Amino acid sequence: MRSQLPITYDDITSAENLLSAWGEFVRGKRAKKDVQDFSFRLMDNIMQLRSELVNMQYEHGPYEAFNISDPKPRSIHKASVRDRLLHHAIYRQLYPFFDRTFIAQSYSCRNEKGAHKAMDTFRSYAYDVSHNHTRTCWVLKCDIRKFFASVDQAVLLEVLRAYIPDPKILWLLERVVGSFNSGREGRGLPLGNLTSQLLVNIYMNEFDQFAKHGLKARRYLRYADDFTFLSDDRQELVDLIPRISEFLRERLKLELHPDKLFIKTFASGVDFLGWVHFPDHRVLRTVTKRRALKGFKSKPTPGTRASYLGLLTHGNAHKLSRTLTPAPTPEQ
């Protein structure tokens, strides 16, 4: 029996929750025209939204699509301010409960987690397996093909029903989930939705639990759709691949990316989360380095420089750091 969400539909749709959600949503966005338009009649708009929710007449609006390169091309789908406000209202009520159901080794889009902590855990696992680099540590690295676009909405809603007893909350989540498809009916979640960050973790928690309890993996960790298993036995990792593939395909309707699956030694350098990891150091992946240089050249502000220099402190990137740091001017 899974833990049951103690939150009610009224908790999500209350005026207090919607106003608190607005305060969180609007940070850093007050200069945006669509946000200004919504805030011009803020209380009227919030109360109209609440009325539709209370009467269960809410319908999610369309998305604005645009492309980014990060570093590969990605399609972002932006909802209206009204719908994004609701996403925040849902997220702030559901996240605390679901976060407690996730394993410690899930690092994406979680408070007190993140990519840098994932990399630190990855390194500590490698130290443990290799007995401080005195033995060979093997790494199985996997990636899911077209992750966000491939999420099966029916399976996701089935997972949600196992945790959520309130039928009204399920009704609302069905409208949010069903507001988007990736070109295949019933498939996909939009990159850009706050709710998508939570929903994909709920979805992939099914695999996390299988990895920990079904595969009995002692050194497994995941960040979004990138995940790794570490072992001192290469054959053990080879034997995991068909079991991983079968679970993802049968339970979650997902497929491993064949071109991004490998088993190699930690000592030979393992590409994970934008860095290539070695026993005594890690270096930026070439494509990540190019992105940093390109991003800084396109927006050479002190804030951008500080952001990239902060990234570079997490590995061996002294040469690139010097490139982004202006030479000192001679004293007059």
# chains A, B, ... in the order shown; residues from 1 in each chain; ligands from 1
call {"tool": "select_by_dssp", "arguments": {"residues": "range 204-291 of chain A", "states": "strand (DSSP E)", "output": "MDAnalysis selection string"}}
result
chainID A and resid 220:223 226:231 262:265 270:272 275:277 282:284
call {"tool": "closest_atom_pairs", "arguments": {"of": "range 151-221 of chain A", "to": "range 89-112 of chain A", "cutoff": "7 Å", "atoms": "only C-alpha atoms", "output": "Markdown table"}}
result
| residue | atom | partner | partner_atom | distance |
| --- | --- | --- | --- | --- |
| A:Thr195 | CA | A:Tyr91 | CA | 6.0 |
| A:Gln197 | CA | A:Cys109 | CA | 6.3 |
| A:Leu198 | CA | A:Tyr95 | CA | 6.9 |
| A:Asn205 | CA | A:Phe102 | CA | 6.2 |
| A:Asp208 | CA | A:Ile103 | CA | 6.9 |
| A:Tyr220 | CA | A:Gln105 | CA | 6.9 |
| A:Leu221 | CA | A:Gln105 | CA | 4.7 |
call {"tool": "atom_distance", "arguments": {"atom1": "CA of Ala21 in chain A", "atom2": "CA of Tyr63 in chain A"}}
result
20.1 Å
call {"tool": "residues_around", "arguments": {"residues": "His257 in chain A", "least_positions_apart": "6", "cutoff": "6 Å", "atoms": "only C-alpha atoms", "output": "JSON, numbers by chain"}}
result
{"A": [143, 144, 145]}
call {"tool": "closest_residue", "arguments": {"among": "A:Ser39, A:Thr136, A:Gln209, A:Ser51", "to": "Val26 in chain A", "atoms": "only C-alpha atoms"}}
result
A:Ser39
call {"tool": "residues_around", "arguments": {"residues": "Arg82 in chain A", "least_positions_apart": "4", "cutoff": "9 Å", "atoms": "only C-alpha atoms", "output": "PyMOL selection string"}}
result
chain A and resi 38+45-46+49+60-61+86-87
call {"tool": "write_last_selection", "arguments": {"atoms": "all heavy atoms", "output": "CSV table (one decimal), in the first residue's frame"}}
result
chain,number,residue,atom,x,y,z
A,38,PHE,N,-1.8,40.4,-16.8
A,38,PHE,CA,-2.6,39.6,-15.8
A,38,PHE,C,-2.7,40.3,-14.5
A,38,PHE,O,-3.7,40.3,-13.8
A,38,PHE,CB,-1.9,38.2,-15.7
A,38,PHE,CG,-2.7,37.2,-14.9
A,38,PHE,CD1,-3.6,36.4,-15.5
A,38,PHE,CD2,-2.6,37.1,-13.5
A,38,PHE,CE1,-4.4,35.5,-14.8
A,38,PHE,CE2,-3.3,36.2,-12.8
A,38,PHE,CZ,-4.2,35.4,-13.4
A,45,ASN,N,-8.7,38.3,-11.9
A,45,ASN,CA,-8.3,37.1,-12.7
A,45,ASN,C,-8.1,35.9,-11.8
A,45,ASN,O,-8.4,34.8,-12.2
A,45,ASN,CB,-6.9,37.4,-13.3
A,45,ASN,CG,-7.1,38.4,-14.5
A,45,ASN,OD1,-8.1,38.3,-15.2
A,45,ASN,ND2,-6.1,39.2,-14.8
A,46,ILE,N,-7.6,36.1,-10.6
A,46,ILE,CA,-7.4,35.0,-9.7
A,46,ILE,C,-8.8,34.4,-9.2
A,46,ILE,O,-9.0,33.2,-9.2
A,46,ILE,CB,-6.5,35.4,-8.4
A,46,ILE,CG1,-5.1,35.5,-8.9
A,46,ILE,CG2,-6.7,34.4,-7.3
A,46,ILE,CD1,-4.1,36.0,-7.8
A,49,LEU,N,-10.3,32.4,-12.0
A,49,LEU,CA,-9.7,31.1,-12.1
A,49,LEU,C,-10.2,30.2,-11.0
A,49,LEU,O,-10.6,29.0,-11.2
A,49,LEU,CB,-8.2,31.3,-12.0
A,49,LEU,CG,-7.4,30.0,-11.9
A,49,LEU,CD1,-7.6,29.1,-13.1
A,49,LEU,CD2,-5.9,30.3,-11.7
A,60,HIS,N,-7.5,23.9,-19.5
A,60,HIS,CA,-6.2,24.4,-19.7
A,60,HIS,C,-6.1,25.0,-21.1
A,60,HIS,O,-6.6,24.5,-22.1
A,60,HIS,CB,-5.2,23.3,-19.6
A,60,HIS,CG,-3.7,23.7,-19.4
A,60,HIS,ND1,-3.0,24.3,-20.4
A,60,HIS,CD2,-2.9,23.6,-18.3
A,60,HIS,CE1,-1.8,24.5,-20.0
A,60,HIS,NE2,-1.7,24.2,-18.7
A,61,GLY,N,-5.4,26.2,-21.2
A,61,GLY,CA,-5.3,26.8,-22.5
A,61,GLY,C,-4.2,26.3,-23.4
A,61,GLY,O,-3.4,25.3,-23.0
A,86,LEU,N,-1.6,28.4,-12.0
A,86,LEU,CA,-2.2,27.1,-11.5
A,86,LEU,C,-1.1,26.1,-11.3
A,86,LEU,O,-1.2,25.3,-10.3
A,86,LEU,CB,-3.3,26.6,-12.4
A,86,LEU,CG,-4.0,25.3,-12.0
A,86,LEU,CD1,-4.6,25.4,-10.6
A,86,LEU,CD2,-5.0,24.8,-13.1
A,87,HIS,N,-0.2,26.0,-12.2
A,87,HIS,CA,0.9,25.0,-12.1
A,87,HIS,C,1.6,25.2,-10.8
A,87,HIS,O,1.9,24.2,-10.1
A,87,HIS,CB,1.9,25.1,-13.2
A,87,HIS,CG,1.3,24.8,-14.6
A,87,HIS,ND1,2.0,25.2,-15.8
A,87,HIS,CD2,0.1,24.3,-15.0
A,87,HIS,CE1,1.2,24.8,-16.8
A,87,HIS,NE2,0.1,24.3,-16.3
call {"tool": "residues_around", "arguments": {"residues": "Val270 in chain A", "least_positions_apart": "3", "cutoff": "12 Å", "atoms": "only C-alpha atoms", "output": "PyMOL selection string"}}
result
chain A and resi 119+122-123+126+137-142+228-230+260-267+273-279+281-285
call {"tool": "write_last_selection", "arguments": {"atoms": "N, CA, C and O atoms", "output": "compact mmCIF listing (two decimals), in the first residue's frame"}}
result
# COMPACT_ATOMS: atom_id res chain seq x y z
N MET A 119 26.89 14.74 -9.12
CA MET A 119 28.26 14.44 -9.53
C MET A 119 29.12 14.05 -8.33
O MET A 119 29.97 13.16 -8.42
N PHE A 122 28.21 10.54 -7.46
CA PHE A 122 28.80 9.67 -8.48
C PHE A 122 30.27 9.41 -8.17
O PHE A 122 30.74 8.26 -8.20
N ARG A 123 30.99 10.45 -7.83
CA ARG A 123 32.42 10.28 -7.51
C ARG A 123 32.61 9.44 -6.24
O ARG A 123 33.50 8.58 -6.18
N ALA A 126 32.21 5.88 -7.01
CA ALA A 126 33.38 5.35 -7.71
C ALA A 126 34.52 5.06 -6.73
O ALA A 126 35.22 4.04 -6.86
N CYS A 137 36.66 0.05 -11.34
CA CYS A 137 35.25 0.42 -11.17
C CYS A 137 34.63 0.52 -12.55
O CYS A 137 35.09 1.29 -13.40
N TRP A 138 33.58 -0.26 -12.76
CA TRP A 138 32.85 -0.23 -14.03
C TRP A 138 31.59 0.61 -13.88
O TRP A 138 30.95 0.60 -12.83
N VAL A 139 31.25 1.35 -14.93
CA VAL A 139 30.09 2.24 -14.92
C VAL A 139 29.18 1.90 -16.10
O VAL A 139 29.63 1.87 -17.25
N LEU A 140 27.91 1.65 -15.79
CA LEU A 140 26.87 1.53 -16.81
C LEU A 140 26.13 2.85 -16.85
O LEU A 140 25.54 3.27 -15.86
N LYS A 141 26.19 3.50 -17.99
CA LYS A 141 25.53 4.80 -18.17
C LYS A 141 24.40 4.64 -19.18
O LYS A 141 24.60 4.08 -20.26
N CYS A 142 23.20 5.11 -18.81
CA CYS A 142 22.01 4.98 -19.66
C CYS A 142 21.32 6.32 -19.84
O CYS A 142 21.43 7.22 -19.00
N THR A 228 22.97 6.04 -13.83
CA THR A 228 24.17 5.22 -13.83
C THR A 228 24.08 4.13 -12.77
O THR A 228 23.42 4.30 -11.73
N PHE A 229 24.75 3.03 -13.05
CA PHE A 229 24.98 1.96 -12.09
C PHE A 229 26.49 1.73 -12.03
O PHE A 229 27.15 1.69 -13.08
N LEU A 230 27.04 1.55 -10.84
CA LEU A 230 28.47 1.32 -10.69
C LEU A 230 28.70 -0.03 -10.00
O LEU A 230 27.97 -0.39 -9.07
N LYS A 260 23.47 6.14 -26.50
CA LYS A 260 23.95 6.77 -25.27
C LYS A 260 24.04 5.77 -24.13
O LYS A 260 24.02 6.15 -22.95
N LEU A 261 24.14 4.52 -24.46
CA LEU A 261 24.29 3.46 -23.48
C LEU A 261 25.70 2.90 -23.60
O LEU A 261 26.13 2.52 -24.69
N PHE A 262 26.43 2.85 -22.49
CA PHE A 262 27.78 2.28 -22.55
C PHE A 262 28.18 1.72 -21.19
O PHE A 262 27.62 2.08 -20.15
N ILE A 263 29.14 0.82 -21.22
CA ILE A 263 29.82 0.34 -20.01
C ILE A 263 31.29 0.60 -20.21
O ILE A 263 31.88 0.17 -21.21
N LYS A 264 31.90 1.32 -19.27
CA LYS A 264 33.33 1.58 -19.36
C LYS A 264 33.90 1.76 -17.97
O LYS A 264 33.15 1.90 -16.98
N THR A 265 35.20 1.77 -17.87
CA THR A 265 35.83 1.95 -16.56
C THR A 265 35.81 3.42 -16.17
O THR A 265 35.91 4.31 -17.02
N PHE A 266 35.72 3.65 -14.89
CA PHE A 266 35.78 5.02 -14.39
C PHE A 266 37.12 5.66 -14.72
O PHE A 266 37.19 6.84 -15.05
N ALA A 267 38.19 4.86 -14.68
CA ALA A 267 39.53 5.39 -14.95
C ALA A 267 39.69 5.91 -16.37
O ALA A 267 40.51 6.78 -16.63
N LEU A 273 26.55 14.27 -16.98
CA LEU A 273 26.05 15.60 -16.60
C LEU A 273 26.98 16.73 -17.04
O LEU A 273 27.23 17.69 -16.30
N GLY A 274 27.47 16.63 -18.27
CA GLY A 274 28.24 17.72 -18.85
C GLY A 274 29.71 17.71 -18.54
O GLY A 274 30.47 18.54 -19.06
N TRP A 275 30.15 16.77 -17.70
CA TRP A 275 31.56 16.65 -17.34
C TRP A 275 32.06 15.25 -17.66
O TRP A 275 31.28 14.28 -17.59
N VAL A 276 33.34 15.13 -17.96
CA VAL A 276 33.98 13.82 -18.11
C VAL A 276 34.75 13.56 -16.82
O VAL A 276 35.66 14.33 -16.46
N HIS A 277 34.37 12.49 -16.12
CA HIS A 277 34.88 12.22 -14.78
C HIS A 277 36.03 11.21 -14.83
O HIS A 277 35.91 10.15 -15.46
N PHE A 278 37.12 11.54 -14.14
CA PHE A 278 38.27 10.67 -13.98
C PHE A 278 38.52 10.47 -12.48
O PHE A 278 37.95 11.20 -11.65
N PRO A 279 39.38 9.52 -12.11
CA PRO A 279 39.60 9.27 -10.68
C PRO A 279 40.06 10.48 -9.89
O PRO A 279 39.64 10.67 -8.74
N HIS A 281 40.14 13.88 -11.14
CA HIS A 281 39.66 15.18 -11.62
C HIS A 281 38.48 14.97 -12.56
O HIS A 281 38.14 13.83 -12.90
N ARG A 282 37.85 16.07 -12.97
CA ARG A 282 36.84 16.02 -14.02
C ARG A 282 37.01 17.24 -14.90
O ARG A 282 37.41 18.31 -14.43
N VAL A 283 36.72 17.07 -16.17
CA VAL A 283 36.88 18.16 -17.14
C VAL A 283 35.57 18.36 -17.88
O VAL A 283 34.78 17.42 -18.04
N LEU A 284 35.35 19.57 -18.34
CA LEU A 284 34.13 19.86 -19.09
C LEU A 284 34.09 19.06 -20.37
O LEU A 284 35.09 18.96 -21.08
N ARG A 285 32.93 18.52 -20.67
CA ARG A 285 32.70 17.91 -21.97
C ARG A 285 32.91 18.98 -23.05
O ARG A 285 32.57 20.15 -22.85
call {"tool": "closest_residue", "arguments": {"among": "A:Arg219, A:Leu157, A:Lys212, A:Met47", "to": "Ile169 in chain A", "atoms": "only C-alpha atoms"}}
result
A:Leu157
call {"tool": "residues_around", "arguments": {"residues": "Asp10 in chain A", "least_positions_apart": "3", "cutoff": "12 Å", "atoms": "only C-alpha atoms", "output": "PyMOL selection string"}}
result
chain A and resi 6-7+13-18+50-51+53-56+89-90+93+166-169+172
call {"tool": "closest_residue", "arguments": {"among": "A:His88, A:Arg41, A:Lys33, A:Arg74", "to": "Leu19 in chain A", "atoms": "only C-alpha atoms"}}
result
A:His88
call {"tool": "residues_around", "arguments": {"residues": "Gly183 in chain A", "least_positions_apart": "3", "cutoff": "10 Å", "atoms": "only C-alpha atoms", "output": "VMD selection string"}}
result
chain A and resid 149 to 150 180 186 to 188
call {"tool": "write_last_selection", "arguments": {"atoms": "N, CA and C atoms", "output": "mmCIF file, in the first residue's frame"}}
result
data_model
loop_
_atom_site.group_PDB
_atom_site.id
_atom_site.type_symbol
_atom_site.label_atom_id
_atom_site.label_comp_id
_atom_site.auth_asym_id
_atom_site.auth_seq_id
_atom_site.Cartn_x
_atom_site.Cartn_y
_atom_site.Cartn_z
ATOM 1 N N ALA A 149 9.058 13.712 -24.461
ATOM 2 C CA ALA A 149 8.086 13.465 -25.529
ATOM 3 C C ALA A 149 7.491 12.070 -25.457
ATOM 4 N N SER A 150 8.122 11.159 -24.711
ATOM 5 C CA SER A 150 7.691 9.758 -24.700
ATOM 6 C C SER A 150 6.885 9.356 -23.482
ATOM 7 N N PHE A 180 -1.428 18.714 -23.396
ATOM 8 C CA PHE A 180 -0.287 18.713 -24.305
ATOM 9 C C PHE A 180 -0.107 17.324 -24.893
ATOM 10 N N GLY A 186 -1.789 11.235 -26.421
ATOM 11 C CA GLY A 186 -1.577 10.543 -25.153
ATOM 12 C C GLY A 186 -0.127 10.400 -24.765
ATOM 13 N N ARG A 187 0.758 11.085 -25.458
ATOM 14 C CA ARG A 187 2.188 10.991 -25.137
ATOM 15 C C ARG A 187 2.772 12.381 -24.906
ATOM 16 N N GLY A 188 3.673 12.483 -23.953
ATOM 17 C CA GLY A 188 4.481 13.666 -23.789
ATOM 18 C C GLY A 188 4.055 14.591 -22.659
#
call {"tool": "select_by_dssp", "arguments": {"residues": "range 83-241 of chain A", "states": "alpha helix (DSSP H)", "output": "PyMOL selection string"}}
result
chain A and resi 83-101+115-130+147-150+153-163+167-177+194-209+234-241
call {"tool": "decode", "arguments": {"residues": "range 74-99 of chain A", "atoms": "N, CA, C and O atoms", "output": "PDB file, in the first residue's frame"}}
result
ATOM      1  N   ARG A  74      15.977  22.027 -28.532  1.00  0.00           N
ATOM      2  CA  ARG A  74      14.869  21.581 -27.694  1.00  0.00           C
ATOM      3  C   ARG A  74      13.664  22.473 -27.973  1.00  0.00           C
ATOM      4  O   ARG A  74      13.814  23.667 -28.206  1.00  0.00           O
ATOM      5  N   SER A  75      12.498  21.861 -27.892  1.00  0.00           N
ATOM      6  CA  SER A  75      11.264  22.602 -28.098  1.00  0.00           C
ATOM      7  C   SER A  75      10.625  22.881 -26.738  1.00  0.00           C
ATOM      8  O   SER A  75      10.288  21.955 -25.999  1.00  0.00           O
ATOM      9  N   ILE A  76      10.501  24.172 -26.418  1.00  0.00           N
ATOM     10  CA  ILE A  76       9.906  24.598 -25.156  1.00  0.00           C
ATOM     11  C   ILE A  76       8.464  25.010 -25.413  1.00  0.00           C
ATOM     12  O   ILE A  76       8.165  25.666 -26.413  1.00  0.00           O
ATOM     13  N   HIS A  77       7.571  24.639 -24.505  1.00  0.00           N
ATOM     14  CA  HIS A  77       6.160  25.009 -24.639  1.00  0.00           C
ATOM     15  C   HIS A  77       5.749  25.820 -23.412  1.00  0.00           C
ATOM     16  O   HIS A  77       5.798  25.333 -22.290  1.00  0.00           O
ATOM     17  N   LYS A  78       5.373  27.061 -23.670  1.00  0.00           N
ATOM     18  CA  LYS A  78       5.060  28.010 -22.609  1.00  0.00           C
ATOM     19  C   LYS A  78       3.549  28.186 -22.496  1.00  0.00           C
ATOM     20  O   LYS A  78       2.879  28.553 -23.459  1.00  0.00           O
ATOM     21  N   ALA A  79       3.034  27.935 -21.310  1.00  0.00           N
ATOM     22  CA  ALA A  79       1.596  28.105 -21.067  1.00  0.00           C
ATOM     23  C   ALA A  79       1.301  29.568 -20.758  1.00  0.00           C
ATOM     24  O   ALA A  79       2.189  30.382 -20.523  1.00  0.00           O
ATOM     25  N   SER A  80       0.025  29.905 -20.730  1.00  0.00           N
ATOM     26  CA  SER A  80      -0.392  31.268 -20.386  1.00  0.00           C
ATOM     27  C   SER A  80      -0.073  31.548 -18.923  1.00  0.00           C
ATOM     28  O   SER A  80       0.156  30.631 -18.124  1.00  0.00           O
ATOM     29  N   VAL A  81      -0.078  32.814 -18.552  1.00  0.00           N
ATOM     30  CA  VAL A  81       0.169  33.197 -17.163  1.00  0.00           C
ATOM     31  C   VAL A  81      -0.848  32.530 -16.244  1.00  0.00           C
ATOM     32  O   VAL A  81      -0.504  32.022 -15.170  1.00  0.00           O
ATOM     33  N   ARG A  82      -2.083  32.533 -16.666  1.00  0.00           N
ATOM     34  CA  ARG A  82      -3.164  31.922 -15.866  1.00  0.00           C
ATOM     35  C   ARG A  82      -2.880  30.454 -15.566  1.00  0.00           C
ATOM     36  O   ARG A  82      -3.013  29.994 -14.434  1.00  0.00           O
ATOM     37  N   ASP A  83      -2.474  29.735 -16.600  1.00  0.00           N
ATOM     38  CA  ASP A  83      -2.209  28.310 -16.414  1.00  0.00           C
ATOM     39  C   ASP A  83      -0.929  28.077 -15.623  1.00  0.00           C
ATOM     40  O   ASP A  83      -0.858  27.151 -14.801  1.00  0.00           O
ATOM     41  N   ARG A  84       0.072  28.915 -15.840  1.00  0.00           N
ATOM     42  CA  ARG A  84       1.313  28.758 -15.077  1.00  0.00           C
ATOM     43  C   ARG A  84       1.100  29.073 -13.599  1.00  0.00           C
ATOM     44  O   ARG A  84       1.728  28.467 -12.725  1.00  0.00           O
ATOM     45  N   LEU A  85       0.214  30.025 -13.311  1.00  0.00           N
ATOM     46  CA  LEU A  85      -0.149  30.284 -11.920  1.00  0.00           C
ATOM     47  C   LEU A  85      -0.741  29.023 -11.295  1.00  0.00           C
ATOM     48  O   LEU A  85      -0.392  28.644 -10.169  1.00  0.00           O
ATOM     49  N   LEU A  86      -1.629  28.365 -12.015  1.00  0.00           N
ATOM     50  CA  LEU A  86      -2.219  27.130 -11.496  1.00  0.00           C
ATOM     51  C   LEU A  86      -1.148  26.057 -11.306  1.00  0.00           C
ATOM     52  O   LEU A  86      -1.177  25.305 -10.326  1.00  0.00           O
ATOM     53  N   HIS A  87      -0.192  25.962 -12.242  1.00  0.00           N
ATOM     54  CA  HIS A  87       0.888  24.983 -12.097  1.00  0.00           C
ATOM     55  C   HIS A  87       1.616  25.190 -10.765  1.00  0.00           C
ATOM     56  O   HIS A  87       1.927  24.228 -10.051  1.00  0.00           O
ATOM     57  N   HIS A  88       1.885  26.451 -10.432  1.00  0.00           N
ATOM     58  CA  HIS A  88       2.551  26.747  -9.164  1.00  0.00           C
ATOM     59  C   HIS A  88       1.670  26.355  -7.981  1.00  0.00           C
ATOM     60  O   HIS A  88       2.169  25.846  -6.968  1.00  0.00           O
ATOM     61  N   ALA A  89       0.375  26.613  -8.100  1.00  0.00           N
ATOM     62  CA  ALA A  89      -0.547  26.263  -7.006  1.00  0.00           C
ATOM     63  C   ALA A  89      -0.576  24.747  -6.779  1.00  0.00           C
ATOM     64  O   ALA A  89      -0.633  24.282  -5.629  1.00  0.00           O
ATOM     65  N   ILE A  90      -0.562  24.002  -7.856  1.00  0.00           N
ATOM     66  CA  ILE A  90      -0.531  22.538  -7.746  1.00  0.00           C
ATOM     67  C   ILE A  90       0.804  22.079  -7.172  1.00  0.00           C
ATOM     68  O   ILE A  90       0.857  21.271  -6.241  1.00  0.00           O
ATOM     69  N   TYR A  91       1.883  22.597  -7.730  1.00  0.00           N
ATOM     70  CA  TYR A  91       3.230  22.162  -7.351  1.00  0.00           C
ATOM     71  C   TYR A  91       3.495  22.383  -5.867  1.00  0.00           C
ATOM     72  O   TYR A  91       4.006  21.484  -5.167  1.00  0.00           O
ATOM     73  N   ARG A  92       3.138  23.565  -5.360  1.00  0.00           N
ATOM     74  CA  ARG A  92       3.495  23.894  -3.982  1.00  0.00           C
ATOM     75  C   ARG A  92       2.727  23.028  -2.981  1.00  0.00           C
ATOM     76  O   ARG A  92       3.176  22.850  -1.838  1.00  0.00           O
ATOM     77  N   GLN A  93       1.611  22.454  -3.397  1.00  0.00           N
ATOM     78  CA  GLN A  93       0.862  21.558  -2.517  1.00  0.00           C
ATOM     79  C   GLN A  93       1.301  20.099  -2.653  1.00  0.00           C
ATOM     80  O   GLN A  93       1.318  19.359  -1.673  1.00  0.00           O
ATOM     81  N   LEU A  94       1.666  19.690  -3.859  1.00  0.00           N
ATOM     82  CA  LEU A  94       1.995  18.287  -4.087  1.00  0.00           C
ATOM     83  C   LEU A  94       3.463  17.955  -3.848  1.00  0.00           C
ATOM     84  O   LEU A  94       3.791  16.837  -3.433  1.00  0.00           O
ATOM     85  N   TYR A  95       4.362  18.910  -4.126  1.00  0.00           N
ATOM     86  CA  TYR A  95       5.797  18.596  -4.070  1.00  0.00           C
ATOM     87  C   TYR A  95       6.248  18.048  -2.709  1.00  0.00           C
ATOM     88  O   TYR A  95       6.954  17.025  -2.662  1.00  0.00           O
ATOM     89  N   PRO A  96       5.889  18.680  -1.573  1.00  0.00           N
ATOM     90  CA  PRO A  96       6.422  18.183  -0.296  1.00  0.00           C
ATOM     91  C   PRO A  96       6.080  16.715  -0.042  1.00  0.00           C
ATOM     92  O   PRO A  96       6.921  15.957   0.466  1.00  0.00           O
ATOM     93  N   PHE A  97       4.860  16.298  -0.401  1.00  0.00           N
ATOM     94  CA  PHE A  97       4.477  14.906  -0.196  1.00  0.00           C
ATOM     95  C   PHE A  97       5.260  13.979  -1.111  1.00  0.00           C
ATOM     96  O   PHE A  97       5.857  12.987  -0.658  1.00  0.00           O
ATOM     97  N   PHE A  98       5.271  14.272  -2.409  1.00  0.00           N
ATOM     98  CA  PHE A  98       5.918  13.359  -3.343  1.00  0.00           C
ATOM     99  C   PHE A  98       7.428  13.316  -3.156  1.00  0.00           C
ATOM    100  O   PHE A  98       8.053  12.267  -3.351  1.00  0.00           O
ATOM    101  N   ASP A  99       8.016  14.435  -2.748  1.00  0.00           N
ATOM    102  CA  ASP A  99       9.461  14.428  -2.532  1.00  0.00           C
ATOM    103  C   ASP A  99       9.856  13.399  -1.481  1.00  0.00           C
ATOM    104  O   ASP A  99      10.933  12.786  -1.578  1.00  0.00           O
TER     105      ASP A  99
END
